[in-house]
file data-v6.txt (compact mmCIF, C-alpha atoms and all ligand atoms)
# COMPACT_ATOMS: atom_id res chain seq x y z
CA MET V 1082 -20.75 12.49 -13.87
CA ILE V 1083 -17.62 14.61 -14.20
CA LEU V 1084 -14.28 12.81 -13.94
CA VAL V 1085 -11.01 14.62 -14.69
CA ARG V 1086 -7.71 12.78 -14.57
CA MET V 1087 -4.43 14.68 -14.25
CA GLU V 1088 -0.91 13.28 -14.04
CA LEU V 1089 0.89 15.29 -11.39
CA GLY V 1090 4.40 15.50 -9.99
CA MET V 1091 7.68 13.72 -10.70
CA LEU V 1092 6.14 10.25 -10.61
CA ALA V 1093 3.16 11.09 -12.85
CA THR V 1094 0.64 10.29 -10.15
CA ASN V 1095 -2.98 10.19 -11.24
CA CYS V 1096 -5.07 12.79 -9.46
CA TYR V 1097 -8.82 12.64 -10.01
CA VAL V 1098 -11.47 15.31 -9.72
CA LEU V 1099 -14.87 13.69 -9.28
CA ALA V 1100 -18.30 15.33 -9.26
CA GLU V 1101 -21.86 14.45 -10.09
CA ARG V 1102 -22.61 17.60 -12.07
CA GLU V 1103 -21.35 20.98 -13.22
CA GLY V 1104 -21.52 23.59 -10.48
CA GLY V 1105 -21.86 20.97 -7.74
CA GLU V 1106 -19.68 19.41 -5.08
CA ALA V 1107 -16.35 17.74 -5.87
CA ALA V 1108 -13.97 15.24 -4.38
CA VAL V 1109 -10.29 15.34 -5.25
CA ILE V 1110 -8.51 12.00 -5.02
CA ASP V 1111 -4.72 11.98 -4.43
CA PRO V 1112 -3.67 15.62 -4.97
CA ALA V 1113 0.01 15.01 -5.67
CA GLY V 1114 0.94 18.66 -6.16
CA GLU V 1115 0.63 21.24 -8.95
CA LEU V 1116 -2.35 22.81 -7.20
CA LYS V 1117 -2.85 25.29 -10.03
CA ARG V 1118 -3.92 22.46 -12.30
CA ILE V 1119 -6.30 21.03 -9.71
CA ASN V 1120 -7.82 24.44 -9.04
CA LYS V 1121 -8.17 25.07 -12.77
CA ALA V 1122 -10.12 21.82 -13.21
CA LEU V 1123 -12.40 22.74 -10.31
CA ARG V 1124 -12.94 26.22 -11.71
CA GLU V 1125 -13.64 25.03 -15.25
CA HIS V 1126 -16.57 22.99 -13.99
CA GLY V 1127 -17.66 25.50 -11.33
CA LEU V 1128 -17.09 22.92 -8.61
CA GLN V 1129 -16.94 23.39 -4.87
CA LEU V 1130 -14.33 21.16 -3.25
CA LYS V 1131 -16.02 19.13 -0.51
CA MET V 1132 -13.40 16.52 0.39
CA ILE V 1133 -9.87 15.37 -0.35
CA LEU V 1134 -9.52 11.60 -0.46
CA LEU V 1135 -6.19 9.80 -0.14
CA THR V 1136 -5.82 6.22 -1.36
CA HIS V 1137 -2.69 5.83 0.78
CA GLY V 1138 0.04 7.83 2.48
CA HIS V 1139 2.89 7.78 -0.03
CA PRO V 1140 4.28 11.26 -0.68
CA ASP V 1141 3.73 11.09 -4.43
CA HIS V 1142 -0.03 10.89 -3.67
CA VAL V 1143 -0.48 13.22 -0.71
CA SER V 1144 1.91 16.16 -1.09
CA GLY V 1145 -0.76 18.62 -2.18
CA ALA V 1146 -3.32 17.55 0.43
CA GLY V 1147 -2.26 19.93 3.21
CA PRO V 1148 -2.09 23.16 1.22
CA LEU V 1149 -5.23 22.32 -0.80
CA SER V 1150 -7.17 21.52 2.36
CA ASP V 1151 -6.01 24.58 4.26
CA ALA V 1152 -6.78 26.86 1.31
CA THR V 1153 -10.29 25.52 0.72
CA GLY V 1154 -11.43 24.22 4.11
CA ALA V 1155 -12.12 20.78 2.62
CA PRO V 1156 -11.12 17.99 5.03
CA VAL V 1157 -8.56 15.30 4.15
CA PHE V 1158 -9.65 11.68 4.54
CA ILE V 1159 -7.02 8.98 5.09
CA HIS V 1160 -6.89 5.56 6.75
CA PRO V 1161 -5.34 5.79 10.25
CA HIS V 1162 -2.62 3.26 9.39
CA ASP V 1163 -1.21 5.67 6.80
CA ALA V 1164 -2.03 8.99 8.47
CA GLU V 1165 1.37 9.64 10.03
CA ALA V 1166 2.82 9.94 6.52
CA LEU V 1167 1.10 13.31 6.14
CA ALA V 1168 3.72 14.86 8.40
CA SER V 1169 6.76 13.01 7.03
CA ARG V 1170 9.93 14.67 5.83
CA ARG V 1171 9.83 12.70 2.60
CA ASN V 1172 6.41 14.12 1.93
CA LEU V 1173 7.84 17.62 2.33
CA LEU V 1174 10.74 16.95 -0.03
CA LEU V 1175 8.67 15.33 -2.76
CA GLY V 1176 6.11 18.08 -2.43
CA LEU V 1177 8.70 20.74 -3.18
CA GLN V 1178 9.55 18.88 -6.37
CA ALA V 1179 5.85 18.94 -7.27
CA GLY V 1180 5.60 22.66 -6.60
CA VAL V 1181 3.87 22.59 -3.22
CA ARG V 1182 4.92 23.12 0.36
CA ALA V 1183 3.53 19.95 1.89
CA THR V 1184 2.26 20.61 5.38
CA ARG V 1185 0.11 18.50 7.63
CA PRO V 1186 -3.49 19.52 6.91
CA HIS V 1187 -5.37 21.08 9.80
CA GLN V 1188 -8.47 19.04 9.05
CA VAL V 1189 -7.78 15.31 8.89
CA GLN V 1190 -10.53 12.71 9.16
CA GLU V 1191 -9.95 9.00 9.42
CA LEU V 1192 -11.78 6.56 7.19
CA GLY V 1193 -11.97 2.80 6.98
CA GLU V 1194 -13.75 -0.29 5.67
CA GLY V 1195 -17.47 0.20 5.20
CA ASP V 1196 -17.50 3.99 5.36
CA GLU V 1197 -19.60 5.86 2.82
CA LEU V 1198 -18.82 9.30 1.46
CA ARG V 1199 -21.31 11.43 -0.38
CA VAL V 1200 -20.52 13.97 -3.12
CA ASP V 1201 -23.92 15.34 -4.14
CA GLY V 1202 -25.70 12.23 -5.49
CA LEU V 1203 -22.55 10.11 -5.77
CA LEU V 1204 -22.01 7.61 -2.97
CA LEU V 1205 -18.46 6.28 -2.58
CA HIS V 1206 -17.91 3.07 -0.62
CA VAL V 1207 -14.61 2.74 1.22
CA LEU V 1208 -12.80 -0.60 0.96
CA HIS V 1209 -9.72 -1.22 3.11
CA THR V 1210 -7.23 -2.68 0.64
CA PRO V 1211 -3.79 -2.97 2.32
CA GLY V 1212 -0.72 -4.60 0.82
CA HIS V 1213 0.98 -1.71 -0.96
CA THR V 1214 0.73 0.16 2.37
CA PRO V 1215 -1.03 -0.90 5.59
CA GLY V 1216 -3.60 1.89 5.29
CA GLY V 1217 -4.34 1.59 1.58
CA VAL V 1218 -7.99 2.09 0.64
CA SER V 1219 -10.03 1.93 -2.54
CA PHE V 1220 -13.07 4.03 -3.31
CA HIS V 1221 -15.85 2.17 -5.09
CA LEU V 1222 -18.56 4.07 -6.88
CA PRO V 1223 -21.27 1.61 -7.94
CA GLY V 1224 -24.24 2.41 -10.10
CA GLU V 1225 -22.67 5.08 -12.32
CA GLY V 1226 -22.79 3.24 -15.65
CA PRO V 1227 -20.35 0.36 -15.30
CA GLY V 1228 -19.22 1.37 -11.81
CA HIS V 1229 -15.84 2.85 -10.94
CA LEU V 1230 -13.00 1.93 -8.62
CA PHE V 1231 -10.25 4.31 -7.49
CA CYS V 1232 -7.65 1.95 -6.08
CA GLY V 1233 -4.41 3.94 -5.73
CA ASP V 1234 -1.39 1.67 -6.13
CA LEU V 1235 -3.23 -1.60 -5.51
CA ILE V 1236 -3.78 -2.63 -9.14
CA PHE V 1237 -2.38 -1.12 -12.34
CA ALA V 1238 -3.23 -2.05 -15.92
CA GLY V 1239 -1.24 -5.27 -16.28
CA SER V 1240 0.52 -5.03 -12.93
CA ILE V 1241 0.15 -4.47 -9.19
CA GLY V 1242 1.62 -2.01 -6.70
CA ARG V 1243 5.02 -2.54 -5.11
CA THR V 1244 5.00 -4.54 -1.91
CA ASP V 1245 8.69 -4.18 -1.03
CA LEU V 1246 8.30 -0.73 0.54
CA ARG V 1247 7.83 -0.14 4.27
CA GLY V 1248 4.68 -1.87 5.52
CA GLY V 1249 4.08 -3.62 2.20
CA SER V 1250 2.93 -7.24 1.90
CA LEU V 1251 2.28 -9.21 -1.28
CA GLN V 1252 0.13 -11.65 0.66
CA ALA V 1253 -2.02 -8.83 2.05
CA LEU V 1254 -2.35 -7.20 -1.37
CA LEU V 1255 -3.54 -10.39 -3.05
CA ALA V 1256 -5.92 -11.11 -0.17
CA ALA V 1257 -7.37 -7.60 -0.46
CA VAL V 1258 -7.93 -8.00 -4.19
CA ARG V 1259 -9.49 -11.43 -3.73
CA GLU V 1260 -11.73 -10.49 -0.82
CA LYS V 1261 -12.72 -6.90 -1.62
CA ILE V 1262 -12.36 -6.42 -5.38
CA TRP V 1263 -12.78 -9.73 -7.16
CA ASN V 1264 -16.55 -9.98 -6.88
CA LEU V 1265 -17.29 -6.47 -8.13
CA PRO V 1266 -18.81 -6.47 -11.63
CA ASP V 1267 -16.30 -7.29 -14.39
CA GLN V 1268 -17.15 -4.09 -16.27
CA THR V 1269 -16.07 -1.94 -13.28
CA VAL V 1270 -13.66 0.72 -14.55
CA ILE V 1271 -10.44 0.73 -12.53
CA HIS V 1272 -8.76 4.12 -12.12
CA PRO V 1273 -5.29 3.38 -10.74
CA GLY V 1274 -2.76 5.65 -9.07
CA HIS V 1275 -0.46 5.57 -12.09
CA GLY V 1276 -1.01 4.81 -15.77
CA PRO V 1277 -4.13 4.28 -17.85
CA GLU V 1278 -7.55 3.09 -16.74
CA THR V 1279 -8.58 -0.52 -17.21
CA THR V 1280 -11.47 -2.79 -16.23
CA LEU V 1281 -11.70 -5.48 -13.61
CA GLY V 1282 -12.60 -8.08 -16.23
CA GLU V 1283 -9.56 -7.17 -18.32
CA GLU V 1284 -7.25 -7.53 -15.30
CA LYS V 1285 -8.83 -10.84 -14.27
CA ARG V 1286 -8.07 -12.21 -17.73
CA HIS V 1287 -4.69 -10.66 -18.52
CA ASN V 1288 -2.95 -9.33 -15.39
CA PRO V 1289 -0.17 -11.88 -14.72
CA PHE V 1290 -0.25 -11.14 -10.99
CA LEU V 1291 -3.97 -11.80 -10.68
CA ILE V 1292 -4.71 -14.68 -13.06
CA GLY V 1293 -6.14 -17.59 -11.09
CA LEU V 1294 -6.59 -15.48 -7.96
CA GLY V 1295 -10.36 -15.92 -8.06
CA ARG V 1296 -10.18 -19.65 -7.55
CA GLY V 1297 -11.69 -20.19 -4.17
CA ALA V 1298 -12.95 -16.60 -3.93
CA SER V 1299 -16.23 -16.45 -2.05
CA ARG V 1300 -19.29 -15.84 -4.13
ZN ZN V 1401 2.34 4.30 -3.39

call {"tool": "encode", "arguments": {"input": "data-v6.txt", "output": "structure tokens"}}
result
Amino acid sequence: MILVRMELGMLATNCYVLAEREGGEAAVIDPAGELKRINKALREHGLQLKMILLTHGHPDHVSGAGPLSDATGAPVFIHPHDAEALASRRNLLLGLQAGVRATRPHQVQELGEGDELRVDGLLLHVLHTPGHTPGGVSFHLPGEGPGHLFCGDLIFAGSIGRTDLRGGSLQALLAAVREKIWNLPDQTVIHPGHGPETTLGEEKRHNPFLIGLGRGASR
């Protein structure tokens, strides 16, 4: 598996390039801007961009989606509850700071709980994980070694995403973690929207926002 992490834009948003193999198909998760760097990563591995996946609609995650999609023909996938953000003025402003002219992509496809997305032999499962935003999703990739989770601003190493922004809800975020994430294998590698990677087991044990959350979680 090929996994490239880049920190892009003013808010050091993690953008991921994911592929099964050199020369194959690729997914880009949260293209925040700085398209030259994304294109360089694709080129270095000879990858063909197949899809652009957005964990949620905040401008620091989506600003590069429109121009990248329109230049490559790869569709943008976003949950319908966050999709209007693609055309927001804030998105345009933050995009300019990240070196892109954020426009609404021509090809937008909605995704939601239970969807599956294929990148060559990799199968990503879509989990609807609201709380940071109403349309927040996580992409779970089981079966690749320990398993991987791309969760946007749901969980960070030692913290959780803000819930005081428009549409945010702490209750919804904790419910999403308990119901959708908690019972994944502890060794699952979590790739958050900002900051370093971690594991689910590590966060269960040490994340002050999550300790004790599993009590009563369904098995
Ligand atoms: Zn966010």

call {"tool": "residues_around", "arguments": {"input": "data-v6.txt", "residues": "V:Arg1170", "least_positions_apart": "6", "cutoff": "10 Å", "atoms": "only C-alpha atoms", "output": "PyMOL selection string"}}
result
chain V and resi 1140+1176+1183-1184

call {"tool": "residues_around", "arguments": {"input": "data-v6.txt", "residues": "V:Ser1240", "least_positions_apart": "4", "cutoff": "8 Å", "atoms": "only C-alpha atoms", "output": "list in words"}}
result
Ile1236, Asn1288, Pro1289 and Phe1290 of chain V

call {"tool": "closest_atom_pairs", "arguments": {"input": "data-v6.txt", "of": "chain V", "to": "ligand ZN 1401 (chain V)", "cutoff": "12 Å", "atoms": "only C-alpha atoms and all ligand atoms", "output": "Markdown table"}}
result
| residue | atom | partner | partner_atom | distance |
| --- | --- | --- | --- | --- |
| V:Leu1092 | CA | V:ZN1401 | ZN | 10.1 |
| V:Ala1093 | CA | V:ZN1401 | ZN | 11.7 |
| V:Thr1094 | CA | V:ZN1401 | ZN | 9.2 |
| V:Asn1095 | CA | V:ZN1401 | ZN | 11.2 |
| V:Asp1111 | CA | V:ZN1401 | ZN | 10.5 |
| V:Ala1113 | CA | V:ZN1401 | ZN | 11.2 |
| V:Leu1135 | CA | V:ZN1401 | ZN | 10.7 |
| V:Thr1136 | CA | V:ZN1401 | ZN | 8.6 |
| V:His1137 | CA | V:ZN1401 | ZN | 6.7 |
| V:Gly1138 | CA | V:ZN1401 | ZN | 7.2 |
| V:His1139 | CA | V:ZN1401 | ZN | 4.9 |
| V:Pro1140 | CA | V:ZN1401 | ZN | 7.7 |
| V:Asp1141 | CA | V:ZN1401 | ZN | 7.0 |
| V:His1142 | CA | V:ZN1401 | ZN | 7.0 |
| V:Val1143 | CA | V:ZN1401 | ZN | 9.7 |
| V:Asp1163 | CA | V:ZN1401 | ZN | 10.9 |
| V:Ala1166 | CA | V:ZN1401 | ZN | 11.4 |
| V:Asn1172 | CA | V:ZN1401 | ZN | 11.9 |
| V:Pro1211 | CA | V:ZN1401 | ZN | 11.1 |
| V:Gly1212 | CA | V:ZN1401 | ZN | 10.3 |
| V:His1213 | CA | V:ZN1401 | ZN | 6.6 |
| V:Thr1214 | CA | V:ZN1401 | ZN | 7.3 |
| V:Pro1215 | CA | V:ZN1401 | ZN | 10.9 |
| V:Gly1216 | CA | V:ZN1401 | ZN | 10.8 |
| V:Gly1217 | CA | V:ZN1401 | ZN | 8.8 |
| V:Val1218 | CA | V:ZN1401 | ZN | 11.3 |
| V:Cys1232 | CA | V:ZN1401 | ZN | 10.6 |
| V:Gly1233 | CA | V:ZN1401 | ZN | 7.2 |
| V:Asp1234 | CA | V:ZN1401 | ZN | 5.3 |
| V:Leu1235 | CA | V:ZN1401 | ZN | 8.4 |
| V:Ile1236 | CA | V:ZN1401 | ZN | 10.9 |
| V:Phe1237 | CA | V:ZN1401 | ZN | 11.5 |
| V:Ile1241 | CA | V:ZN1401 | ZN | 10.7 |
| V:Gly1242 | CA | V:ZN1401 | ZN | 7.2 |
| V:Arg1243 | CA | V:ZN1401 | ZN | 7.5 |
| V:Thr1244 | CA | V:ZN1401 | ZN | 9.3 |
| V:Asp1245 | CA | V:ZN1401 | ZN | 10.9 |
| V:Leu1246 | CA | V:ZN1401 | ZN | 8.7 |
| V:Arg1247 | CA | V:ZN1401 | ZN | 10.4 |
| V:Gly1248 | CA | V:ZN1401 | ZN | 11.1 |
| V:Gly1249 | CA | V:ZN1401 | ZN | 9.8 |
| V:Pro1273 | CA | V:ZN1401 | ZN | 10.6 |
| V:Gly1274 | CA | V:ZN1401 | ZN | 7.8 |
| V:His1275 | CA | V:ZN1401 | ZN | 9.2 |

call {"tool": "closest_residue", "arguments": {"input": "data-v6.txt", "among": "V:Leu1116, V:Ala1179, V:Val1189, V:Leu1281", "to": "V:Ile1159", "atoms": "all atoms listed in the file"}}
result
V:Val1189

call {"tool": "residues_around", "arguments": {"input": "data-v6.txt", "residues": "V:Phe1220", "least_positions_apart": "4", "cutoff": "8 Å", "atoms": "all atoms listed in the file", "output": "CSV table (one decimal) with C-alpha atoms, in the frame of the given file"}}
result
chain,number,residue,atom,x,y,z
V,1136,THR,CA,-5.8,6.2,-1.4
V,1205,LEU,CA,-18.5,6.3,-2.6
V,1206,HIS,CA,-17.9,3.1,-0.6
V,1207,VAL,CA,-14.6,2.7,1.2
V,1208,LEU,CA,-12.8,-0.6,1.0
V,1230,LEU,CA,-13.0,1.9,-8.6
V,1231,PHE,CA,-10.2,4.3,-7.5
V,1232,CYS,CA,-7.6,2.0,-6.1

call {"tool": "atom_distance", "arguments": {"input": "data-v6.txt", "atom1": "atom CA of V:Glu1165", "atom2": "atom CA of V:Val1200"}}
result
25.9 Å

call {"tool": "atom_distance", "arguments": {"input": "data-v6.txt", "atom1": "atom CA of V:Asp1267", "atom2": "atom CA of V:Glu1283"}}
result
7.8 Å

call {"tool": "atom_distance", "arguments": {"input": "data-v6.txt", "atom1": "atom CA of V:Ala1152", "atom2": "atom CA of V:Gly1202"}}
result
24.9 Å

call {"tool": "closest_atom_pairs", "arguments": {"input": "data-v6.txt", "of": "stretch 1184-1250 of chain V", "to": "stretch 1260-1265 of chain V", "cutoff": "10 Å", "atoms": "only C-alpha atoms", "output": "Markdown table"}}
result
| residue | atom | partner | partner_atom | distance |
| --- | --- | --- | --- | --- |
| V:Glu1194 | CA | V:Lys1261 | CA | 9.9 |
| V:Leu1208 | CA | V:Lys1261 | CA | 6.8 |
| V:His1209 | CA | V:Lys1261 | CA | 8.0 |
| V:Thr1210 | CA | V:Lys1261 | CA | 7.3 |
| V:Ser1219 | CA | V:Ile1262 | CA | 9.1 |
| V:His1221 | CA | V:Leu1265 | CA | 9.3 |
| V:Pro1223 | CA | V:Leu1265 | CA | 9.0 |
| V:Gly1228 | CA | V:Leu1265 | CA | 8.9 |
| V:His1229 | CA | V:Leu1265 | CA | 9.8 |
| V:Leu1230 | CA | V:Ile1262 | CA | 9.0 |
| V:Cys1232 | CA | V:Ile1262 | CA | 9.6 |

call {"tool": "closest_residue", "arguments": {"input": "data-v6.txt", "among": "V:Met1087, V:Val1181, V:Leu1174, V:Leu1294", "to": "V:Pro1277", "atoms": "only C-alpha atoms"}}
result
V:Met1087

call {"tool": "closest_residue", "arguments": {"input": "data-v6.txt", "among": "V:Lys1131, V:Arg1259, V:Lys1121, V:His1160", "to": "V:Gly1195", "atoms": "all atoms listed in the file"}}
result
V:His1160

call {"tool": "closest_residue", "arguments": {"input": "data-v6.txt", "among": "V:Gly1127, V:Pro1227, V:Gly1154, V:Gly1180", "to": "V:Ala1107", "atoms": "only C-alpha atoms"}}
result
V:Gly1127

call {"tool": "closest_residue", "arguments": {"input": "data-v6.txt", "among": "V:Glu1278, V:Phe1158, V:Glu1225, V:Gln1129", "to": "V:Glu1197", "atoms": "all atoms listed in the file"}}
result
V:Phe1158

call {"tool": "residues_around", "arguments": {"input": "data-v6.txt", "residues": "V:Pro1186", "least_positions_apart": "2", "cutoff": "10 Å", "atoms": "only C-alpha atoms", "output": "MDAnalysis selection string"}}
result
chainID V and resid 1145:1152 1154:1157 1167:1168 1183:1184 1188:1189

call {"tool": "closest_residue", "arguments": {"input": "data-v6.txt", "among": "V:Arg1171, V:Gln1178, V:Asp1201, V:Met1132", "to": "V:Gly1104", "atoms": "only C-alpha atoms"}}
result
V:Asp1201

call {"tool": "axis_aligned_box", "arguments": {"input": "data-v6.txt", "around": "stretch 1230-1233 of chain V", "padding_each_side": "3 Å", "output": "AutoDock Vina command-line options"}}
result
--center_x -8.7 --center_y 3.1 --center_z -7.2 --size_x 14.6 --size_y 8.4 --size_z 8.9

call {"tool": "decode", "arguments": {"input": "data-v6.txt", "residues": "stretch 1205-1234 of chain V", "atoms": "N, CA and C atoms", "output": "PDB file, in the first residue's frame"}}
result
ATOM      1  N   LEU V1205     -12.588   0.843   0.714  1.00  0.00           N
ATOM      2  CA  LEU V1205     -12.831   1.777   1.824  1.00  0.00           C
ATOM      3  C   LEU V1205     -14.301   1.735   2.213  1.00  0.00           C
ATOM      4  N   HIS V1206     -14.545   1.606   3.525  1.00  0.00           N
ATOM      5  CA  HIS V1206     -15.913   1.618   4.038  1.00  0.00           C
ATOM      6  C   HIS V1206     -16.207   3.011   4.583  1.00  0.00           C
ATOM      7  N   VAL V1207     -17.360   3.536   4.223  1.00  0.00           N
ATOM      8  CA  VAL V1207     -17.741   4.879   4.671  1.00  0.00           C
ATOM      9  C   VAL V1207     -18.557   4.774   5.958  1.00  0.00           C
ATOM     10  N   LEU V1208     -18.115   5.507   6.974  1.00  0.00           N
ATOM     11  CA  LEU V1208     -18.844   5.603   8.243  1.00  0.00           C
ATOM     12  C   LEU V1208     -19.311   7.044   8.399  1.00  0.00           C
ATOM     13  N   HIS V1209     -20.596   7.242   8.660  1.00  0.00           N
ATOM     14  CA  HIS V1209     -21.070   8.609   8.927  1.00  0.00           C
ATOM     15  C   HIS V1209     -20.752   8.936  10.376  1.00  0.00           C
ATOM     16  N   THR V1210     -19.862   9.901  10.581  1.00  0.00           N
ATOM     17  CA  THR V1210     -19.402  10.243  11.932  1.00  0.00           C
ATOM     18  C   THR V1210     -19.573  11.746  12.173  1.00  0.00           C
ATOM     19  N   PRO V1211     -20.802  12.204  12.396  1.00  0.00           N
ATOM     20  CA  PRO V1211     -21.058  13.629  12.628  1.00  0.00           C
ATOM     21  C   PRO V1211     -20.597  14.067  14.018  1.00  0.00           C
ATOM     22  N   GLY V1212     -20.712  15.343  14.273  1.00  0.00           N
ATOM     23  CA  GLY V1212     -20.346  15.889  15.584  1.00  0.00           C
ATOM     24  C   GLY V1212     -19.456  17.102  15.424  1.00  0.00           C
ATOM     25  N   HIS V1213     -18.382  16.962  14.651  1.00  0.00           N
ATOM     26  CA  HIS V1213     -17.561  18.118  14.285  1.00  0.00           C
ATOM     27  C   HIS V1213     -18.324  18.936  13.239  1.00  0.00           C
ATOM     28  N   THR V1214     -18.891  18.244  12.256  1.00  0.00           N
ATOM     29  CA  THR V1214     -19.863  18.835  11.319  1.00  0.00           C
ATOM     30  C   THR V1214     -20.968  17.796  11.124  1.00  0.00           C
ATOM     31  N   PRO V1215     -22.139  18.224  10.643  1.00  0.00           N
ATOM     32  CA  PRO V1215     -23.236  17.258  10.455  1.00  0.00           C
ATOM     33  C   PRO V1215     -22.922  16.188   9.405  1.00  0.00           C
ATOM     34  N   GLY V1216     -22.120  16.538   8.416  1.00  0.00           N
ATOM     35  CA  GLY V1216     -21.834  15.591   7.334  1.00  0.00           C
ATOM     36  C   GLY V1216     -20.445  14.982   7.422  1.00  0.00           C
ATOM     37  N   GLY V1217     -19.884  14.926   8.613  1.00  0.00           N
ATOM     38  CA  GLY V1217     -18.555  14.336   8.774  1.00  0.00           C
ATOM     39  C   GLY V1217     -18.583  12.838   8.499  1.00  0.00           C
ATOM     40  N   VAL V1218     -17.601  12.350   7.770  1.00  0.00           N
ATOM     41  CA  VAL V1218     -17.490  10.907   7.546  1.00  0.00           C
ATOM     42  C   VAL V1218     -16.068  10.458   7.841  1.00  0.00           C
ATOM     43  N   SER V1219     -15.938   9.152   8.112  1.00  0.00           N
ATOM     44  CA  SER V1219     -14.629   8.526   8.256  1.00  0.00           C
ATOM     45  C   SER V1219     -14.532   7.426   7.211  1.00  0.00           C
ATOM     46  N   PHE V1220     -13.312   7.211   6.730  1.00  0.00           N
ATOM     47  CA  PHE V1220     -13.073   6.156   5.760  1.00  0.00           C
ATOM     48  C   PHE V1220     -12.270   5.057   6.439  1.00  0.00           C
ATOM     49  N   HIS V1221     -12.861   3.868   6.521  1.00  0.00           N
ATOM     50  CA  HIS V1221     -12.186   2.752   7.181  1.00  0.00           C
ATOM     51  C   HIS V1221     -11.678   1.776   6.130  1.00  0.00           C
ATOM     52  N   LEU V1222     -10.416   1.458   6.247  1.00  0.00           N
ATOM     53  CA  LEU V1222      -9.776   0.505   5.347  1.00  0.00           C
ATOM     54  C   LEU V1222      -9.346  -0.696   6.178  1.00  0.00           C
ATOM     55  N   PRO V1223     -10.166  -1.738   6.234  1.00  0.00           N
ATOM     56  CA  PRO V1223      -9.795  -2.909   7.029  1.00  0.00           C
ATOM     57  C   PRO V1223      -8.843  -3.798   6.242  1.00  0.00           C
ATOM     58  N   GLY V1224      -8.189  -4.695   6.928  1.00  0.00           N
ATOM     59  CA  GLY V1224      -7.486  -5.765   6.230  1.00  0.00           C
ATOM     60  C   GLY V1224      -6.153  -5.412   5.630  1.00  0.00           C
ATOM     61  N   GLU V1225      -5.725  -4.139   5.719  1.00  0.00           N
ATOM     62  CA  GLU V1225      -4.382  -3.779   5.247  1.00  0.00           C
ATOM     63  C   GLU V1225      -3.493  -3.705   6.482  1.00  0.00           C
ATOM     64  N   GLY V1226      -2.833  -4.812   6.822  1.00  0.00           N
ATOM     65  CA  GLY V1226      -2.074  -4.838   8.075  1.00  0.00           C
ATOM     66  C   GLY V1226      -3.019  -4.591   9.230  1.00  0.00           C
ATOM     67  N   PRO V1227      -2.735  -3.558  10.030  1.00  0.00           N
ATOM     68  CA  PRO V1227      -3.554  -3.315  11.219  1.00  0.00           C
ATOM     69  C   PRO V1227      -4.910  -2.697  10.913  1.00  0.00           C
ATOM     70  N   GLY V1228      -5.134  -2.267   9.689  1.00  0.00           N
ATOM     71  CA  GLY V1228      -6.352  -1.516   9.370  1.00  0.00           C
ATOM     72  C   GLY V1228      -6.100  -0.031   9.561  1.00  0.00           C
ATOM     73  N   HIS V1229      -6.791   0.774   8.798  1.00  0.00           N
ATOM     74  CA  HIS V1229      -6.560   2.228   8.811  1.00  0.00           C
ATOM     75  C   HIS V1229      -7.882   2.965   8.863  1.00  0.00           C
ATOM     76  N   LEU V1230      -7.856   4.114   9.543  1.00  0.00           N
ATOM     77  CA  LEU V1230      -9.055   4.945   9.631  1.00  0.00           C
ATOM     78  C   LEU V1230      -8.677   6.395   9.339  1.00  0.00           C
ATOM     79  N   PHE V1231      -9.335   6.973   8.332  1.00  0.00           N
ATOM     80  CA  PHE V1231      -9.144   8.388   8.002  1.00  0.00           C
ATOM     81  C   PHE V1231     -10.373   9.116   8.521  1.00  0.00           C
ATOM     82  N   CYS V1232     -10.199   9.886   9.590  1.00  0.00           N
ATOM     83  CA  CYS V1232     -11.385  10.346  10.332  1.00  0.00           C
ATOM     84  C   CYS V1232     -11.549  11.856  10.321  1.00  0.00           C
ATOM     85  N   GLY V1233     -10.760  12.581   9.522  1.00  0.00           N
ATOM     86  CA  GLY V1233     -10.915  14.040   9.495  1.00  0.00           C
ATOM     87  C   GLY V1233     -10.715  14.626  10.885  1.00  0.00           C
ATOM     88  N   ASP V1234     -11.617  15.520  11.280  1.00  0.00           N
ATOM     89  CA  ASP V1234     -11.458  16.196  12.570  1.00  0.00           C
ATOM     90  C   ASP V1234     -12.339  15.579  13.652  1.00  0.00           C
TER      91      ASP V1234
END
